[in-house]
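Q: This structure is in structure tokens; I'll ask about it shortly.
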Amino acid sequence: MTQQVLHDMIECPGGIPVFLARPSAKGCYPVVVLMHERYGLVQHTKDLAIRCASDGFVVLAPNFFFKHPDQAALNVGNSRYDLSDPESVVLLKSALAALESNPSADRNRIAVAGYCQTGRHPLVFAVEVKIQAAVVWYGAAAKREWGVTAAQPRALDETIAHIECPVFGAFGSDDHIISVDDVCRFRNALEDHKKSYEIHLYGGAPHGWLNEAMPGRYRKAQADAAWAAQQNFLKDAFAGK
């Protein structure tokens with residue numbers, strides 16, 4: 001049963017703006033951090049945060065690209081902010097620090113979810129900080145993600161090797177950025193390193209198929225099925241299953 005949700009904008013250490021959503025009922029809830037797509041903190045991400053919070057989670061949706069000088073251009077996809085792996089870890093730690101005195105947040109039960117461009121960063125964070133789950137939506141698996149660069153100082157395969165929490169992945173068969181072969185490579189890396197994982201591949205789904213704000217890409221049936229699978233995965237992960 002969905003819950004009523006309270007939400008607000010806050011600022012966490014380091015000046016990062018964060019959209020915070022939580023159930024209105026008193027309680028101590030698991031924490032989910034939503035990492036937005038390449039467009040920055042737009043309404044779609046806020047809507048996902050509210051949707052997630054209604055299932056009984058405290059949800060943080062930080063603007064990880066807040067340093068970009070032209071937010072309007074970023075939000076419509078006319079510009080880009082290249083978030084490095086080390087910077088993502090710093091910003092995620094800062095965002096979670098905002099919950100230290102929040103009685104609604106159980107900081108012993110944390111999941112991080114990344115979408116598209118930020119899909120790799122939950123995996124990176126899971127190596128640095130103990131969390132209960134890492135969630136990837138149509139990200140992390142593209143060919144460019146596997147190499148070592150200045151922004152990606154550790155190879156993705158090595159990152160996967162050091163992850164200790166369960167991993168959830170949602171991908172589409174018609175993604176023009178991440179092919180089915182790429183998804184298989186990602187799954188095989190998790191399998192080879194004997195990780196706990198749950199990978200879903202949805203037929204007829206292109207890149208960005210969860211985003212209702214993009215009618216040409218949004219696929220309601222696949223999006224609803226994947227969201228339900230993710231929420232069940234999170235509940236199991238937080239329960240230690």
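Residues are referred to by chain and number: the chain letter is A, B, ... according to the order shown in the structure tokens, the number counts from 1 in that chain, and ligands are numbered separately from 1 in the order shown.
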Quick one: everything within 9 Å of Tyr218 of chain A, counting only C-alpha atoms, minus sequence neighbours fewer than 3 positions away in the same chain. Send it as a short mmCIF file (atom, residue, chain, number, x, y, z; two decimals) with N, CA and C atoms, in the first residue's frame.

A:
```
data_model
loop_
_atom_site.label_atom_id
_atom_site.label_comp_id
_atom_site.auth_asym_id
_atom_site.auth_seq_id
_atom_site.Cartn_x
_atom_site.Cartn_y
_atom_site.Cartn_z
N ALA A 205 12.18 -1.99 -25.48
CA ALA A 205 12.47 -0.78 -24.70
C ALA A 205 13.74 -0.10 -25.20
N PRO A 206 13.66 1.18 -25.61
CA PRO A 206 14.83 1.91 -26.04
C PRO A 206 15.53 2.57 -24.86
N HIS A 207 16.55 3.32 -25.13
CA HIS A 207 17.24 4.03 -24.05
C HIS A 207 16.30 5.08 -23.44
N GLY A 208 16.31 5.15 -22.11
CA GLY A 208 15.49 6.15 -21.43
C GLY A 208 14.04 5.77 -21.26
N TRP A 209 13.71 4.49 -21.32
CA TRP A 209 12.33 4.04 -21.39
C TRP A 209 11.55 4.19 -20.09
N LEU A 210 12.20 4.59 -19.00
CA LEU A 210 11.48 4.86 -17.75
C LEU A 210 10.96 6.29 -17.69
N ASN A 211 11.49 7.15 -18.54
CA ASN A 211 11.25 8.59 -18.43
C ASN A 211 9.95 9.00 -19.12
N GLU A 212 8.91 9.30 -18.31
CA GLU A 212 7.62 9.71 -18.85
C GLU A 212 7.68 11.04 -19.59
N ALA A 213 8.69 11.84 -19.29
CA ALA A 213 8.83 13.15 -19.93
C ALA A 213 9.34 13.04 -21.36
N MET A 214 9.67 11.83 -21.79
CA MET A 214 10.17 11.61 -23.15
C MET A 214 9.24 10.64 -23.86
N PRO A 215 8.14 11.14 -24.41
CA PRO A 215 7.11 10.26 -25.01
C PRO A 215 7.64 9.32 -26.08
N GLN A 222 6.79 -1.75 -19.80
CA GLN A 222 8.12 -2.15 -19.35
C GLN A 222 8.56 -1.36 -18.13
N ALA A 223 8.25 -0.06 -18.12
CA ALA A 223 8.63 0.80 -17.00
C ALA A 223 7.95 0.35 -15.71
#
```

Q: List every residue of segment 28-186 of chain A that DSSP, applied to the backbone, labels as alpha helix (DSSP H), and write the result as number ranges by chain.

A: A: 43-53, 71-75, 85-97, 121-128, 156-162, 180-186

Q: Within 10 Å of Gln43 of chain A, counting only C-alpha atoms, which residues qualify if same-chain residues fewer than 5 places away don't, as a list in words?

A: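 Selected residues are Leu48, Ala49, Asn75 and Ala213 of chain A.
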
Q: In Å, with one decimal, what is the gap from atom CA of Val127 of chain A to atom CA of Asp55 of chain A?

A: 26.8 Å

Q: Where does segment 56-123 of chain A meet segment 141-153 of chain A within 12 Å, residue by residue, with the nearest atom pair and distance in Å to one decimal for each, counting only C-alpha atoms, listed by chain and rising number, as CSV?

A:
```
residue,atom,partner,partner_atom,distance
A:Tyr81,CA,A:Ala151,CA,11.9
A:Asp82,CA,A:Ala151,CA,8.2
A:Leu83,CA,A:Ala151,CA,7.5
A:Ser84,CA,A:Ala151,CA,4.4
A:Asp85,CA,A:Gln152,CA,5.7
A:Pro86,CA,A:Ala151,CA,7.6
A:Glu87,CA,A:Ala151,CA,8.8
A:Ser88,CA,A:Ala151,CA,10.2
A:Val89,CA,A:Gln152,CA,11.9
A:Tyr115,CA,A:Ala141,CA,11.5
A:Cys116,CA,A:Ala141,CA,9.8
A:Gln117,CA,A:Glu145,CA,9.9
A:Thr118,CA,A:Glu145,CA,10.8
A:Gly119,CA,A:Ala141,CA,8.4
A:Arg120,CA,A:Glu145,CA,7.7
A:His121,CA,A:Gln152,CA,10.1
A:Leu123,CA,A:Ala141,CA,11.3
```

Q: Just to be explicit: take each residue in the selection above, keep C-alpha atoms, and write the result as a PDB file, in the first residue's frame.

A:
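Output below, filename result14.pdb:
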```pdb
ATOM      1  CA  TYR A  81      28.492  17.754 -17.033  1.00  0.00           C
ATOM      2  CA  ASP A  82      31.108  15.019 -16.878  1.00  0.00           C
ATOM      3  CA  LEU A  83      30.939  13.554 -13.383  1.00  0.00           C
ATOM      4  CA  SER A  84      34.057  11.585 -12.502  1.00  0.00           C
ATOM      5  CA  ASP A  85      34.036   8.512 -10.301  1.00  0.00           C
ATOM      6  CA  PRO A  86      35.978  10.200  -7.461  1.00  0.00           C
ATOM      7  CA  GLU A  87      33.711  13.255  -7.530  1.00  0.00           C
ATOM      8  CA  SER A  88      30.607  11.070  -7.433  1.00  0.00           C
ATOM      9  CA  VAL A  89      31.829   9.394  -4.238  1.00  0.00           C
ATOM     10  CA  TYR A 115      20.246   6.202 -14.392  1.00  0.00           C
ATOM     11  CA  CYS A 116      21.850   6.502 -17.820  1.00  0.00           C
ATOM     12  CA  GLN A 117      25.023   8.608 -17.394  1.00  0.00           C
ATOM     13  CA  THR A 118      25.153   8.004 -13.635  1.00  0.00           C
ATOM     14  CA  GLY A 119      24.480   4.278 -13.880  1.00  0.00           C
ATOM     15  CA  ARG A 120      28.062   3.335 -13.017  1.00  0.00           C
ATOM     16  CA  HIS A 121      28.314   5.476  -9.908  1.00  0.00           C
ATOM     17  CA  LEU A 123      28.762   0.504  -8.292  1.00  0.00           C
TER      18      LEU A 123
END
```

Q: Calculate how many Å separate atom CA of Phe66 of chain A from atom CA of Val33 of chain A, rounding to one decimal.

A: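 So the answer is 16.0 Å.
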
Q: Might you pull out every residue within 12 Å of Asn102 of chain A, with only C-alpha atoms counted and same-chain residues fewer than 6 positions away left off, and present them as an NGL selection string?

A: :A and (20 or 22 or 26-31 or 58 or 96)

Q: Write the residues of the preceding selection, restricted to all heavy atoms, as a short mmCIF file (atom, residue, chain, number, x, y, z; two decimals), in the first residue's frame.

A:
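After the write, part-v7.cif holds the following:
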```
data_model
loop_
_atom_site.label_atom_id
_atom_site.label_comp_id
_atom_site.auth_asym_id
_atom_site.auth_seq_id
_atom_site.Cartn_x
_atom_site.Cartn_y
_atom_site.Cartn_z
N LEU A 20 14.36 16.03 -1.19
CA LEU A 20 14.17 15.00 -0.17
C LEU A 20 12.70 14.63 -0.10
O LEU A 20 11.83 15.51 0.04
CB LEU A 20 14.64 15.52 1.19
CG LEU A 20 14.33 14.65 2.41
CD1 LEU A 20 15.08 13.33 2.33
CD2 LEU A 20 14.71 15.38 3.70
N ARG A 22 9.93 11.71 1.72
CA ARG A 22 9.81 10.66 2.74
C ARG A 22 8.35 10.42 3.06
O ARG A 22 7.49 11.29 2.86
CB ARG A 22 10.56 11.06 4.00
CG ARG A 22 9.99 12.29 4.70
CD ARG A 22 10.69 12.53 6.02
NE ARG A 22 10.18 13.71 6.72
CZ ARG A 22 9.08 13.72 7.48
NH1 ARG A 22 8.37 12.61 7.63
NH2 ARG A 22 8.69 14.83 8.09
N LYS A 26 5.19 8.69 10.86
CA LYS A 26 6.39 8.58 11.67
C LYS A 26 6.96 7.17 11.54
O LYS A 26 6.24 6.18 11.44
CB LYS A 26 6.07 8.88 13.13
CG LYS A 26 5.80 10.35 13.42
CD LYS A 26 5.62 10.59 14.90
CE LYS A 26 5.40 12.08 15.18
NZ LYS A 26 5.21 12.34 16.63
N GLY A 27 8.29 7.11 11.54
CA GLY A 27 8.96 5.83 11.41
C GLY A 27 10.39 6.04 11.00
O GLY A 27 10.83 7.17 10.72
N CYS A 28 11.14 4.95 10.96
CA CYS A 28 12.54 4.99 10.51
C CYS A 28 12.64 4.11 9.27
O CYS A 28 12.43 2.90 9.33
CB CYS A 28 13.45 4.48 11.61
SG CYS A 28 15.21 4.71 11.27
N TYR A 29 12.92 4.73 8.13
CA TYR A 29 12.81 4.07 6.84
C TYR A 29 14.17 3.90 6.17
O TYR A 29 15.08 4.72 6.35
CB TYR A 29 11.92 4.91 5.92
CG TYR A 29 10.52 5.14 6.44
CD1 TYR A 29 10.21 6.31 7.13
CD2 TYR A 29 9.52 4.18 6.24
CE1 TYR A 29 8.92 6.52 7.62
CE2 TYR A 29 8.23 4.39 6.72
CZ TYR A 29 7.94 5.56 7.41
OH TYR A 29 6.68 5.78 7.89
N PRO A 30 14.32 2.85 5.36
CA PRO A 30 15.54 2.71 4.55
C PRO A 30 15.71 3.90 3.62
O PRO A 30 14.74 4.57 3.25
CB PRO A 30 15.29 1.42 3.75
CG PRO A 30 14.21 0.70 4.47
CD PRO A 30 13.36 1.75 5.11
N VAL A 31 16.95 4.13 3.23
CA VAL A 31 17.31 5.30 2.41
C VAL A 31 17.64 4.86 0.99
O VAL A 31 18.39 3.90 0.78
CB VAL A 31 18.52 6.04 3.02
CG1 VAL A 31 18.97 7.18 2.10
CG2 VAL A 31 18.19 6.55 4.41
N VAL A 58 12.96 6.69 2.59
CA VAL A 58 13.44 8.07 2.57
C VAL A 58 14.31 8.20 1.33
O VAL A 58 15.25 7.43 1.13
CB VAL A 58 14.26 8.40 3.83
CG1 VAL A 58 14.95 9.75 3.68
CG2 VAL A 58 13.34 8.42 5.06
N LEU A 96 24.50 12.04 1.82
CA LEU A 96 24.09 11.18 2.93
C LEU A 96 24.34 11.84 4.28
O LEU A 96 23.62 11.57 5.26
CB LEU A 96 24.80 9.84 2.85
CG LEU A 96 24.31 8.92 1.72
CD1 LEU A 96 25.26 7.75 1.53
CD2 LEU A 96 22.90 8.42 2.02
#
```

Q: Quick one: distance from atom CA of Tyr138 of chain A to atom CA of Ser179 of chain A in Å, one decimal?

A: 10.0 Å

Q: Thr2 of chain A: which residues within 12 Å, counting only C-alpha atoms, same-chain residues fewer than 4 positions away excluded, as a list of chain:residue names?

A: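 Everything that qualifies: A:Arg22, A:Pro23, A:Ser24, A:Ala25, A:Ile50, A:Arg51, A:Cys52, A:Ala53, A:Ser54, A:Asp55, A:Gly56, A:Phe57, A:Gln231.
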
Q: May I have the residues from that selection written out with all heavy atoms, as a short mmCIF file (atom, residue, chain, number, x, y, z; two decimals), in the first residue's frame?

A:
```
data_model
loop_
_atom_site.label_atom_id
_atom_site.label_comp_id
_atom_site.auth_asym_id
_atom_site.auth_seq_id
_atom_site.Cartn_x
_atom_site.Cartn_y
_atom_site.Cartn_z
N ARG A 22 9.93 11.71 1.72
CA ARG A 22 9.81 10.66 2.74
C ARG A 22 8.35 10.42 3.06
O ARG A 22 7.49 11.29 2.86
CB ARG A 22 10.56 11.06 4.00
CG ARG A 22 9.99 12.29 4.70
CD ARG A 22 10.69 12.53 6.02
NE ARG A 22 10.18 13.71 6.72
CZ ARG A 22 9.08 13.72 7.48
NH1 ARG A 22 8.37 12.61 7.63
NH2 ARG A 22 8.69 14.83 8.09
N PRO A 23 8.04 9.24 3.58
CA PRO A 23 6.66 8.99 4.02
C PRO A 23 6.26 9.97 5.12
O PRO A 23 7.08 10.34 5.97
CB PRO A 23 6.72 7.55 4.54
CG PRO A 23 7.89 6.94 3.86
CD PRO A 23 8.89 8.05 3.72
N SER A 24 5.01 10.39 5.11
CA SER A 24 4.55 11.34 6.13
C SER A 24 4.37 10.69 7.49
O SER A 24 4.45 11.36 8.52
CB SER A 24 3.24 11.99 5.68
OG SER A 24 2.23 11.00 5.49
N ALA A 25 4.12 9.38 7.51
CA ALA A 25 3.93 8.68 8.78
C ALA A 25 5.25 8.58 9.54
O ALA A 25 6.32 8.40 8.94
CB ALA A 25 3.37 7.29 8.52
N ILE A 50 9.42 10.86 -5.32
CA ILE A 50 8.12 10.80 -4.63
C ILE A 50 7.52 9.41 -4.78
O ILE A 50 6.98 8.84 -3.82
CB ILE A 50 7.18 11.89 -5.20
CG1 ILE A 50 7.69 13.28 -4.83
CG2 ILE A 50 5.76 11.68 -4.68
CD1 ILE A 50 6.95 14.42 -5.51
N ARG A 51 7.61 8.86 -5.96
CA ARG A 51 7.08 7.52 -6.21
C ARG A 51 7.78 6.49 -5.32
O ARG A 51 7.13 5.60 -4.75
CB ARG A 51 7.24 7.17 -7.68
CG ARG A 51 6.67 5.83 -8.10
CD ARG A 51 6.89 5.60 -9.59
NE ARG A 51 6.30 4.37 -10.06
CZ ARG A 51 6.41 3.91 -11.31
NH1 ARG A 51 7.09 4.61 -12.20
NH2 ARG A 51 5.84 2.76 -11.66
N CYS A 52 9.08 6.61 -5.22
CA CYS A 52 9.85 5.67 -4.40
C CYS A 52 9.52 5.85 -2.92
O CYS A 52 9.35 4.87 -2.18
CB CYS A 52 11.34 5.88 -4.66
SG CYS A 52 12.41 4.61 -3.95
N ALA A 53 9.41 7.10 -2.48
CA ALA A 53 9.10 7.37 -1.07
C ALA A 53 7.73 6.83 -0.69
O ALA A 53 7.52 6.41 0.45
CB ALA A 53 9.18 8.87 -0.81
N SER A 54 6.81 6.82 -1.63
CA SER A 54 5.46 6.33 -1.34
C SER A 54 5.44 4.84 -1.03
O SER A 54 4.47 4.32 -0.48
CB SER A 54 4.51 6.65 -2.50
OG SER A 54 4.78 5.82 -3.63
N ASP A 55 6.53 4.15 -1.38
CA ASP A 55 6.65 2.72 -1.07
C ASP A 55 7.36 2.47 0.26
O ASP A 55 7.67 1.33 0.59
CB ASP A 55 7.41 2.01 -2.19
CG ASP A 55 6.56 1.83 -3.44
OD1 ASP A 55 5.33 1.74 -3.31
OD2 ASP A 55 7.13 1.81 -4.54
N GLY A 56 7.64 3.56 1.00
CA GLY A 56 8.21 3.38 2.33
C GLY A 56 9.70 3.58 2.44
O GLY A 56 10.37 2.92 3.24
N PHE A 57 10.24 4.51 1.65
CA PHE A 57 11.66 4.82 1.71
C PHE A 57 11.87 6.33 1.91
O PHE A 57 11.07 7.13 1.44
CB PHE A 57 12.37 4.40 0.41
CG PHE A 57 12.21 2.95 0.07
CD1 PHE A 57 11.52 2.55 -1.07
CD2 PHE A 57 12.75 1.96 0.88
CE1 PHE A 57 11.37 1.22 -1.39
CE2 PHE A 57 12.61 0.61 0.57
CZ PHE A 57 11.91 0.24 -0.58
N GLN A 231 11.53 -2.33 -6.76
CA GLN A 231 11.04 -2.13 -5.40
C GLN A 231 11.05 -3.44 -4.62
O GLN A 231 11.39 -3.46 -3.42
CB GLN A 231 9.65 -1.51 -5.42
CG GLN A 231 9.58 -0.13 -6.06
CD GLN A 231 10.54 0.88 -5.46
OE1 GLN A 231 11.75 0.86 -5.73
NE2 GLN A 231 10.01 1.76 -4.62
#
```

Q: May I have the residues within 7 Å of Ala170 of chain A as a ChimeraX atom specification, using only C-alpha atoms and disregarding those fewer than 4 positions away in the same chain?

A: /A:136-138,199-201,226
